[in-house]
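Coordinates from run34.tsv are shown below (TSV, C-alpha atoms).
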chain	number	residue	atom	x	y	z
A	242	MET	CA	15.47	-19.73	-11.94
A	243	TYR	CA	13.82	-17.09	-9.78
A	244	ASP	CA	10.08	-16.69	-9.47
A	245	ILE	CA	10.16	-12.89	-9.58
A	246	ILE	CA	12.98	-10.61	-10.66
A	247	ILE	CA	12.62	-7.00	-9.53
A	248	VAL	CA	14.51	-4.27	-11.36
A	249	GLY	CA	15.15	-1.46	-8.90
A	250	GLY	CA	15.87	-1.38	-5.17
A	251	GLY	CA	13.85	1.60	-4.00
A	252	PRO	CA	10.81	1.41	-1.69
A	253	ALA	CA	8.66	-0.05	-4.50
A	254	GLY	CA	11.15	-2.74	-5.43
A	255	MET	CA	12.03	-3.79	-1.89
A	256	THR	CA	8.39	-3.85	-0.81
A	257	ALA	CA	7.62	-6.05	-3.81
A	258	ALA	CA	10.37	-8.44	-2.70
A	259	VAL	CA	8.94	-8.63	0.83
A	260	TYR	CA	5.47	-9.46	-0.47
A	261	ALA	CA	6.81	-11.96	-3.01
A	262	GLN	CA	8.74	-13.85	-0.34
A	263	ARG	CA	5.82	-13.84	2.07
A	264	ASN	CA	3.73	-15.43	-0.67
A	265	GLY	CA	6.19	-18.28	-1.17
A	266	LYS	CA	7.97	-16.87	-4.23
A	267	HIS	CA	11.73	-16.53	-4.51
A	268	ALA	CA	12.62	-12.96	-5.47
A	269	LEU	CA	15.77	-11.31	-6.78
A	270	VAL	CA	16.22	-7.55	-6.61
A	271	ILE	CA	18.72	-5.99	-9.02
A	272	GLU	CA	19.82	-2.45	-8.17
A	273	LYS	CA	22.40	-0.47	-10.12
A	274	ALA	CA	23.49	2.01	-7.45
A	275	GLY	CA	22.32	2.06	-3.82
A	276	PHE	CA	19.27	0.53	-2.20
A	277	GLY	CA	16.63	2.98	-1.01
A	278	GLY	CA	16.19	5.31	-3.97
A	279	GLN	CA	15.37	8.99	-3.54
A	280	ILE	CA	14.27	8.61	0.10
A	281	THR	CA	17.94	8.33	1.09
A	282	ASN	CA	18.36	12.02	0.18
A	283	SER	CA	16.04	13.03	3.03
A	284	PRO	CA	17.82	13.47	6.38
A	285	LYS	CA	14.54	13.44	8.27
A	286	VAL	CA	11.25	11.84	7.19
A	287	GLU	CA	8.14	12.54	9.23
A	288	ASN	CA	5.32	11.39	6.94
A	289	LEU	CA	5.80	7.62	7.10
A	290	PRO	CA	3.08	5.68	8.91
A	291	GLY	CA	4.41	4.31	12.17
A	292	PHE	CA	7.43	6.63	12.39
A	293	LEU	CA	7.37	9.97	14.19
A	294	SER	CA	10.72	10.67	12.58
A	295	VAL	CA	13.29	8.59	10.71
A	296	SER	CA	16.12	9.40	8.34
A	297	GLY	CA	15.77	8.25	4.76
A	298	ASN	CA	18.88	6.11	5.10
A	299	GLU	CA	17.59	4.45	8.26
A	300	PHE	CA	14.26	3.66	6.62
A	301	ALA	CA	16.02	2.21	3.56
A	302	ASP	CA	18.30	0.10	5.77
A	303	LYS	CA	15.35	-1.28	7.72
A	304	LEU	CA	13.46	-2.17	4.54
A	305	PHE	CA	16.57	-3.76	3.03
A	306	SER	CA	17.09	-5.86	6.18
A	307	GLN	CA	13.44	-6.90	6.16
A	308	MET	CA	13.74	-7.97	2.52
A	309	LEU	CA	16.81	-10.09	3.26
A	310	GLU	CA	15.23	-11.57	6.40
A	311	GLN	CA	12.34	-12.76	4.24
A	312	GLY	CA	14.83	-14.59	2.01
A	313	ALA	CA	15.13	-12.35	-1.06
A	314	ASP	CA	18.40	-12.19	-3.00
A	315	PHE	CA	20.00	-9.07	-4.41
A	316	GLU	CA	22.60	-8.09	-6.98
A	317	ILE	CA	24.34	-4.75	-7.63
A	318	GLU	CA	24.28	-4.64	-11.42
A	319	THR	CA	22.79	-2.46	-14.16
A	320	VAL	CA	19.96	-4.03	-16.12
A	321	CYS	CA	20.18	-3.18	-19.81
A	322	GLY	CA	17.41	-5.30	-21.31
A	323	ILE	CA	14.81	-8.01	-20.88
A	324	GLU	CA	13.93	-10.80	-23.29
A	325	THR	CA	11.00	-13.19	-23.15
A	326	ASN	CA	11.39	-16.87	-23.97
A	327	GLY	CA	8.00	-18.47	-23.58
A	328	ASN	CA	7.08	-18.19	-19.91
A	329	THR	CA	10.68	-17.37	-18.98
A	330	LYS	CA	12.01	-13.81	-18.73
A	331	LEU	CA	15.73	-13.24	-19.33
A	332	VAL	CA	17.03	-10.17	-17.51
A	333	LYS	CA	20.41	-9.04	-18.86
A	334	THR	CA	22.88	-6.64	-17.28
A	335	GLU	CA	25.69	-4.44	-18.52
A	336	GLU	CA	28.06	-6.54	-16.45
A	337	GLY	CA	27.28	-9.55	-18.65
A	338	SER	CA	24.97	-11.48	-16.34
A	339	THR	CA	21.70	-13.09	-17.38
A	340	PHE	CA	19.08	-13.92	-14.76
A	341	GLU	CA	16.03	-16.09	-15.45
A	342	GLY	CA	12.65	-15.50	-13.88
A	343	LYS	CA	9.00	-16.34	-14.37
A	344	ALA	CA	7.88	-12.73	-13.83
A	345	VAL	CA	9.55	-9.34	-13.75
A	346	ILE	CA	8.61	-6.20	-11.85
A	347	LEU	CA	10.05	-2.96	-13.23
A	348	ALA	CA	10.53	-0.59	-10.30
A	349	THR	CA	13.09	1.60	-12.03
A	350	GLY	CA	12.09	4.83	-10.31
A	351	VAL	CA	12.93	8.30	-11.58
A	352	LYS	CA	15.70	10.75	-10.98
A	353	HIS	CA	15.27	14.46	-10.36
A	354	ARG	CA	16.45	16.77	-13.09
A	355	MET	CA	19.36	18.68	-11.60
A	356	LEU	CA	20.60	22.21	-12.20
A	357	GLY	CA	24.02	20.98	-13.25
A	358	LEU	CA	25.96	23.31	-10.95
A	359	ALA	CA	29.23	22.73	-9.14
A	360	GLY	CA	28.77	21.28	-5.67
A	361	GLU	CA	25.11	20.40	-6.25
A	362	ASP	CA	25.37	16.71	-5.43
A	363	GLU	CA	27.08	17.40	-2.10
A	364	LEU	CA	24.28	19.75	-1.00
A	365	VAL	CA	21.37	17.39	-1.72
A	366	GLY	CA	19.76	16.82	1.66
A	367	GLU	CA	21.97	19.55	3.12
A	368	GLY	CA	20.21	22.62	1.79
A	369	ILE	CA	18.94	21.33	-1.55
A	370	SER	CA	15.65	19.44	-1.49
A	371	PHE	CA	13.10	18.14	-3.98
A	372	CYS	CA	10.01	17.53	-1.86
A	373	ALA	CA	8.17	20.16	0.19
A	374	VAL	CA	5.93	17.51	1.75
A	375	CYS	CA	9.01	15.65	2.98
A	376	ASP	CA	11.33	18.49	3.93
A	377	GLY	CA	9.25	21.66	4.18
A	378	ASP	CA	9.04	21.59	8.00
A	379	PHE	CA	12.82	21.95	8.22
A	380	TYR	CA	12.45	25.44	6.79
A	381	LYS	CA	9.65	26.74	8.98
A	382	ASP	CA	10.05	30.52	9.37
A	383	LYS	CA	13.08	30.49	7.08
A	384	VAL	CA	13.79	31.75	3.55
A	385	VAL	CA	13.75	29.29	0.66
A	386	CYS	CA	14.12	29.46	-3.11
A	387	VAL	CA	12.17	27.31	-5.54
A	388	ALA	CA	13.71	26.62	-8.95
A	389	GLY	CA	11.08	26.04	-11.63
A	390	GLY	CA	7.86	27.45	-12.96
A	391	GLY	CA	5.61	24.54	-13.90
A	392	ASN	CA	2.82	22.92	-11.92
A	393	SER	CA	5.20	20.93	-9.72
A	394	ALA	CA	7.18	24.03	-8.75
A	395	LEU	CA	4.02	26.00	-8.02
A	396	GLN	CA	2.57	23.22	-5.89
A	397	GLU	CA	5.81	22.90	-3.93
A	398	ALA	CA	5.90	26.66	-3.40
A	399	ILE	CA	2.28	26.79	-2.19
A	400	LEU	CA	3.09	24.28	0.53
A	401	LEU	CA	6.24	26.16	1.48
A	402	ALA	CA	4.50	29.53	1.56
A	403	ASP	CA	2.37	28.34	4.49
A	404	LYS	CA	5.49	27.44	6.49
A	405	CYS	CA	8.34	29.68	5.45
A	406	LYS	CA	9.19	33.29	6.19
A	407	GLU	CA	9.71	33.91	2.47
A	408	VAL	CA	9.53	31.89	-0.75
A	409	ILE	CA	11.53	33.12	-3.74
A	410	MET	CA	10.53	31.70	-7.13
A	411	LEU	CA	13.27	31.40	-9.76
A	412	GLN	CA	12.03	30.68	-13.29
A	413	ASP	CA	14.34	30.57	-16.30
A	414	LEU	CA	11.55	31.26	-18.78
A	415	PRO	CA	9.93	34.70	-19.26
A	416	ARG	CA	6.77	33.52	-17.53
A	417	PHE	CA	5.47	30.76	-15.30
A	418	THR	CA	4.12	27.80	-17.26
A	419	GLY	CA	1.99	26.23	-14.53
A	420	GLU	CA	-1.77	26.48	-14.34
A	421	GLU	CA	-3.19	29.96	-13.89
A	422	LYS	CA	-5.21	28.84	-10.87
A	423	LEU	CA	-2.08	27.61	-9.11
A	424	GLN	CA	-0.35	30.88	-9.87
A	425	GLN	CA	-3.25	32.80	-8.36
A	426	VAL	CA	-3.16	30.71	-5.19
A	427	LEU	CA	0.61	31.03	-4.84
A	428	PHE	CA	0.97	34.74	-5.51
A	429	ALA	CA	-1.90	35.56	-3.18
A	430	HIS	CA	0.65	34.91	-0.42
A	431	SER	CA	2.36	38.11	0.68
A	432	ASN	CA	5.59	36.23	1.48
A	433	VAL	CA	6.19	35.09	-2.13
A	434	ARG	CA	8.30	36.99	-4.66
A	435	ALA	CA	9.35	35.91	-8.11
A	436	TYR	CA	12.11	36.32	-10.66
A	437	THR	CA	11.48	35.28	-14.26
A	438	GLY	CA	13.90	34.96	-17.15
A	439	VAL	CA	16.78	34.25	-14.77
A	440	LYS	CA	19.44	31.57	-14.82
A	441	ILE	CA	20.85	30.09	-11.62
A	442	THR	CA	24.60	30.24	-12.18
A	443	GLN	CA	26.08	29.34	-8.81
A	444	LEU	CA	25.30	27.80	-5.45
A	445	LEU	CA	26.46	30.02	-2.60
A	446	LYS	CA	27.96	28.51	0.55
A	447	ASN	CA	28.87	29.68	4.01
A	448	GLY	CA	31.72	27.34	4.77
A	449	GLU	CA	30.23	23.98	3.80
A	450	ALA	CA	26.62	25.07	4.36
A	451	PHE	CA	24.18	26.17	1.68
A	452	ALA	CA	23.70	29.94	1.74
A	453	GLY	CA	21.80	30.83	-1.44
A	454	VAL	CA	22.21	31.16	-5.18
A	455	ALA	CA	23.61	33.54	-7.74
A	456	ILE	CA	21.25	34.39	-10.61
A	457	GLU	CA	21.89	36.09	-13.93
A	458	LYS	CA	19.51	38.10	-16.09
A	459	ASP	CA	20.48	40.11	-19.15
A	460	GLY	CA	24.13	39.89	-18.15
A	461	ALA	CA	23.58	41.20	-14.62
A	462	VAL	CA	24.42	38.89	-11.71
A	463	GLN	CA	22.64	39.01	-8.35
A	464	SER	CA	23.03	37.02	-5.15
A	465	ILE	CA	19.91	35.61	-3.48
A	466	PHE	CA	20.56	34.53	0.10
A	467	ALA	CA	18.38	31.71	1.44
A	468	ASP	CA	18.34	28.82	3.88
A	469	GLY	CA	17.23	26.22	1.35
A	470	LEU	CA	16.63	25.53	-2.33
A	471	PHE	CA	13.84	23.32	-3.65
A	472	VAL	CA	14.54	22.12	-7.19
A	473	ALA	CA	11.37	21.39	-9.18
A	474	ILE	CA	12.45	21.38	-12.82
A	475	GLY	CA	11.22	17.93	-13.72
A	476	LEU	CA	11.72	14.22	-13.24
A	477	ILE	CA	13.50	11.85	-15.60
A	478	PRO	CA	12.16	8.28	-15.89
A	479	GLU	CA	14.64	5.72	-17.19
A	480	ASN	CA	12.20	3.42	-18.94
A	481	GLU	CA	13.39	3.59	-22.53
A	482	PRO	CA	15.12	0.15	-22.49
A	483	TYR	CA	11.75	-1.48	-21.73
A	484	LYS	CA	9.48	0.34	-24.21
A	485	ASP	CA	8.93	-2.82	-26.27
A	486	LEU	CA	7.58	-4.63	-23.20
A	487	ALA	CA	5.56	-1.85	-21.55
A	488	ASP	CA	3.94	1.15	-23.21
A	489	LEU	CA	5.28	4.58	-22.29
A	490	ASN	CA	3.26	7.78	-22.13
A	491	ALA	CA	4.33	11.06	-23.71
A	492	TYR	CA	6.57	11.82	-20.73
A	493	GLY	CA	8.37	8.49	-20.72
A	494	TYR	CA	6.52	6.96	-17.76
A	495	PHE	CA	5.09	3.44	-17.92
A	496	ASP	CA	1.51	3.85	-19.11
A	497	SER	CA	-0.05	1.63	-16.47
A	498	ASP	CA	-2.84	2.18	-13.97
A	499	GLU	CA	-3.19	1.16	-10.32
A	500	GLN	CA	-3.17	-2.53	-11.28
A	501	CYS	CA	0.51	-2.18	-12.31
A	502	LEU	CA	-0.02	-4.32	-15.42
A	503	THR	CA	1.68	-3.98	-18.81
A	504	LYS	CA	0.96	-5.23	-22.32
A	505	THR	CA	3.39	-8.12	-21.77
A	506	PRO	CA	2.14	-11.03	-19.64
A	507	GLY	CA	4.43	-11.52	-16.67
A	508	ILE	CA	5.86	-7.98	-16.77
A	509	PHE	CA	4.63	-5.55	-14.10
A	510	VAL	CA	5.57	-2.01	-13.09
A	511	ALA	CA	5.68	-0.29	-9.71
A	512	GLY	CA	6.61	3.01	-8.13
A	513	ASP	CA	7.53	6.43	-9.43
A	514	CYS	CA	8.35	5.07	-12.90
A	515	ARG	CA	4.63	4.51	-13.44
A	516	SER	CA	2.20	7.16	-14.68
A	517	LYS	CA	0.57	8.58	-11.55
A	518	PHE	CA	-0.56	11.80	-9.92
A	519	THR	CA	1.15	11.41	-6.55
A	520	ARG	CA	4.75	10.25	-6.07
A	521	GLN	CA	5.56	9.60	-2.42
A	522	VAL	CA	7.35	6.80	-0.61
A	523	THR	CA	3.98	5.47	0.59
A	524	THR	CA	2.54	5.31	-2.95
A	525	ALA	CA	5.71	3.60	-4.20
A	526	ALA	CA	5.43	0.96	-1.48
A	527	ALA	CA	1.74	0.49	-2.32
A	528	ASP	CA	2.65	-0.15	-5.95
A	529	GLY	CA	5.24	-2.69	-4.85
A	530	THR	CA	2.54	-4.55	-2.94
A	531	VAL	CA	0.09	-4.53	-5.85
A	532	ALA	CA	2.69	-5.57	-8.43
A	533	ALA	CA	4.07	-8.38	-6.28
A	534	LEU	CA	0.64	-9.88	-5.61
A	535	ALA	CA	-0.23	-9.58	-9.30
A	536	ALA	CA	3.00	-11.34	-10.20
A	537	CYS	CA	2.25	-14.12	-7.70
A	538	ARG	CA	-1.18	-14.65	-9.23
A	539	TYR	CA	0.36	-14.74	-12.69
A	540	ILE	CA	2.88	-17.41	-11.66
A	541	ASN	CA	0.22	-19.48	-9.90
A	542	GLU	CA	-1.80	-19.58	-13.11
A	543	LEU	CA	1.08	-20.75	-15.35
Would you mind writing the file out in structure tokens?
Amino acid sequence: MYDIIIVGGGPAGMTAAVYAQRNGKHALVIEKAGFGGQITNSPKVENLPGFLSVSGNEFADKLFSQMLEQGADFEIETVCGIETNGNTKLVKTEEGSTFEGKAVILATGVKHRMLGLAGEDELVGEGISFCAVCDGDFYKDKVVCVAGGGNSALQEAILLADKCKEVIMLQDLPRFTGEEKLQQVLFAHSNVRAYTGVKITQLLKNGEAFAGVAIEKDGAVQSIFADGLFVAIGLIPENEPYKDLADLNAYGYFDSDEQCLTKTPGIFVAGDCRSKFTRQVTTAAADGTVAALAACRYINEL
């Protein structure tokens, strides 16, 4: 039996494993795809404390190595459910495995809602980005498009407008849905122009490089040439399998505050899957710390 089982191998999950091991608890991290989470989509990260510049993959590799050096175990499997049996938690996977632990940390993360266009996956990190804070400096004095019209898209665009030569907003609805104040701040920039009621139908390439998008409105197709595309059309949490153990808010995020607690004793949450205002690698790691220490206290009191 493990002391702490961590579902998810992003920055939150791996940080939780490091803190669990350093507090004398044996941790298992179960990740369904690749360790590192969304940070691995960033070719260059310059907002991590202690690093002038590091690729997302390099950061993830270093954190993974640190986790293993501390003695944590890992499995590549897909968790499909969790059962409680007294003080024991049974974590079950689609592959048929069952792992026993005294506490569980759900660090399931989120995934970006994609446009669903051909070639999109290959261009993530190579012209398509999701985070202006992370990647905006790469497009200094260049032309970028922003897909979306809600608060997130407007906030991304405001950051980009201070760096880029031009920011082109692409909204599929007839109007922008974000706060009026944000719209005022954004469109006060002379280098911002907007298209509403348009559908992005194609990603344009110059060889293998991103070159822009094709948009359609009322049957007419137009090419928009740009150096980058920031997609801000929403995030998708994958928390539904755990709704009986941890309350979800209206958007599907775990309804937990900075203490990372849930309604089920011994179940904790951490990272972007939790209801929060700011989602950055540093806030995910902070959650991993808080959740791990909370889980250690819970086990010590059993």
What does the distance from CA of Gly390 (chain A) to CA of Ser370 (chain A) come to in Å, to one decimal?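 Atom-to-atom, CA of Gly390 (chain A) to CA of Ser370 (chain A), that is 16.0 Å.
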Extract, using only C-alpha atoms, all DNA, RNA and protein residues at most 8 Å from region 348-362 of chain A, discarding same-chain residues fewer than 4 positions from it, and format them as an NGL selection string. :A and (247-251 or 253-254 or 278-279 or 369 or 371 or 441-444 or 472-480 or 510-514 or 529)
With C-alpha atoms retained, could you export that selection as a short mmCIF file (atom, residue, chain, number, x, y, z; two decimals), keeping the file's coordinate frame?
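Below is the file that was written, again.cif:
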data_model
loop_
_atom_site.label_atom_id
_atom_site.label_comp_id
_atom_site.auth_asym_id
_atom_site.auth_seq_id
_atom_site.Cartn_x
_atom_site.Cartn_y
_atom_site.Cartn_z
CA ILE A 247 12.62 -7.00 -9.53
CA VAL A 248 14.51 -4.27 -11.36
CA GLY A 249 15.15 -1.46 -8.90
CA GLY A 250 15.87 -1.38 -5.17
CA GLY A 251 13.85 1.60 -4.00
CA ALA A 253 8.66 -0.05 -4.50
CA GLY A 254 11.15 -2.74 -5.43
CA GLY A 278 16.19 5.31 -3.97
CA GLN A 279 15.37 8.99 -3.54
CA ILE A 369 18.94 21.33 -1.55
CA PHE A 371 13.10 18.14 -3.98
CA ILE A 441 20.85 30.09 -11.62
CA THR A 442 24.60 30.24 -12.18
CA GLN A 443 26.08 29.34 -8.81
CA LEU A 444 25.30 27.80 -5.45
CA VAL A 472 14.54 22.12 -7.19
CA ALA A 473 11.37 21.39 -9.18
CA ILE A 474 12.45 21.38 -12.82
CA GLY A 475 11.22 17.93 -13.72
CA LEU A 476 11.72 14.22 -13.24
CA ILE A 477 13.50 11.85 -15.60
CA PRO A 478 12.16 8.28 -15.89
CA GLU A 479 14.64 5.72 -17.19
CA ASN A 480 12.20 3.42 -18.94
CA VAL A 510 5.57 -2.01 -13.09
CA ALA A 511 5.68 -0.29 -9.71
CA GLY A 512 6.61 3.01 -8.13
CA ASP A 513 7.53 6.43 -9.43
CA CYS A 514 8.35 5.07 -12.90
CA GLY A 529 5.24 -2.69 -4.85
#
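If all atoms listed in the file are the atoms counted, then among A:Ile317, A:Gly275, A:Pro252, A:Leu364 the closest residue to Phe300 (chain A) is A:Pro252.
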Near Gly368 (chain A), within 9 Å and counting all atoms listed in the file, which residues show up once chain neighbours fewer than 2 positions away are dropped, as a VMD selection string? chain A and resid 364 to 366 370 450 to 453 468 to 471
Report as JSON the centre and the edge lengths, in Å to one decimal, of the axis-aligned box holding every listed atom of region 466-484 of chain A, padded by 5 Å on each side.
{"center_x": 15.0, "center_y": 16.5, "center_z": -10.2, "size_x": 21.1, "size_y": 46.0, "size_z": 38.1}
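Here CA of Phe379 (chain A) is placed at a distance of 25.7 Å from CA of Gln463 (chain A).
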Nearest residue to Thr524 (chain A) from the set A:Gly460, A:Glu499, A:Val286, A:Tyr380 (distances using only C-alpha atoms):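 Under the stated criterion, the closest residue is A:Glu499.
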Using all atoms listed in the file, which residues sit within 12 Å of region 421-429 of chain A once same-chain residues fewer than 6 positions away are excluded, as a list in words? Gly390, Gly391, Asn392, Ser393, Ala394, Leu395, Gln396, Glu397, Ala398, Ile399, Leu400, Leu401, Ala402, Asp403, Glu407, Val408, Ile409, Met410 and Ala435 of chain A
Counting all atoms listed in the file, the option among A:Ala388, A:Ile271, A:Cys372, A:Ala461 closest to Thr519 (chain A): A:Cys372
Nearest to Lys383 (chain A) by atom-to-atom distance, counting all atoms listed in the file, from A:Ala526, A:Gly312, A:Phe466, A:Ala301: A:Phe466
So the first atom is CA of Tyr494 (chain A) and the second is CA of Gly327 (chain A); what is the distance between them in Å, to one decimal place?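 Taking CA of Tyr494 (chain A) and CA of Gly327 (chain A), their separation equals 26.1 Å.
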Taking into account all atoms listed in the file, which residue in the set A:Cys405, A:Ile346, A:Ile508, A:Cys501 is nearest to Ala261 (chain A)?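 Using all atoms listed in the file, Ala261 (chain A) sits closest to A:Ile346.
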Would you give me, as CSV, each residue of region 440-466 of chain A having an atom within 12 Å of an atom of region 414-419 of chain A, along with its shortest atom pair and that distance in Å to one decimal, using all atoms listed in the file and sorting by chain and residue number?
residue,atom,partner,partner_atom,distance
A:Lys440,CA,A:Leu414,CA,8.8
A:Ile441,CA,A:Leu414,CA,11.8
A:Lys458,CA,A:Pro415,CA,10.6
A:Asp459,CA,A:Pro415,CA,11.9
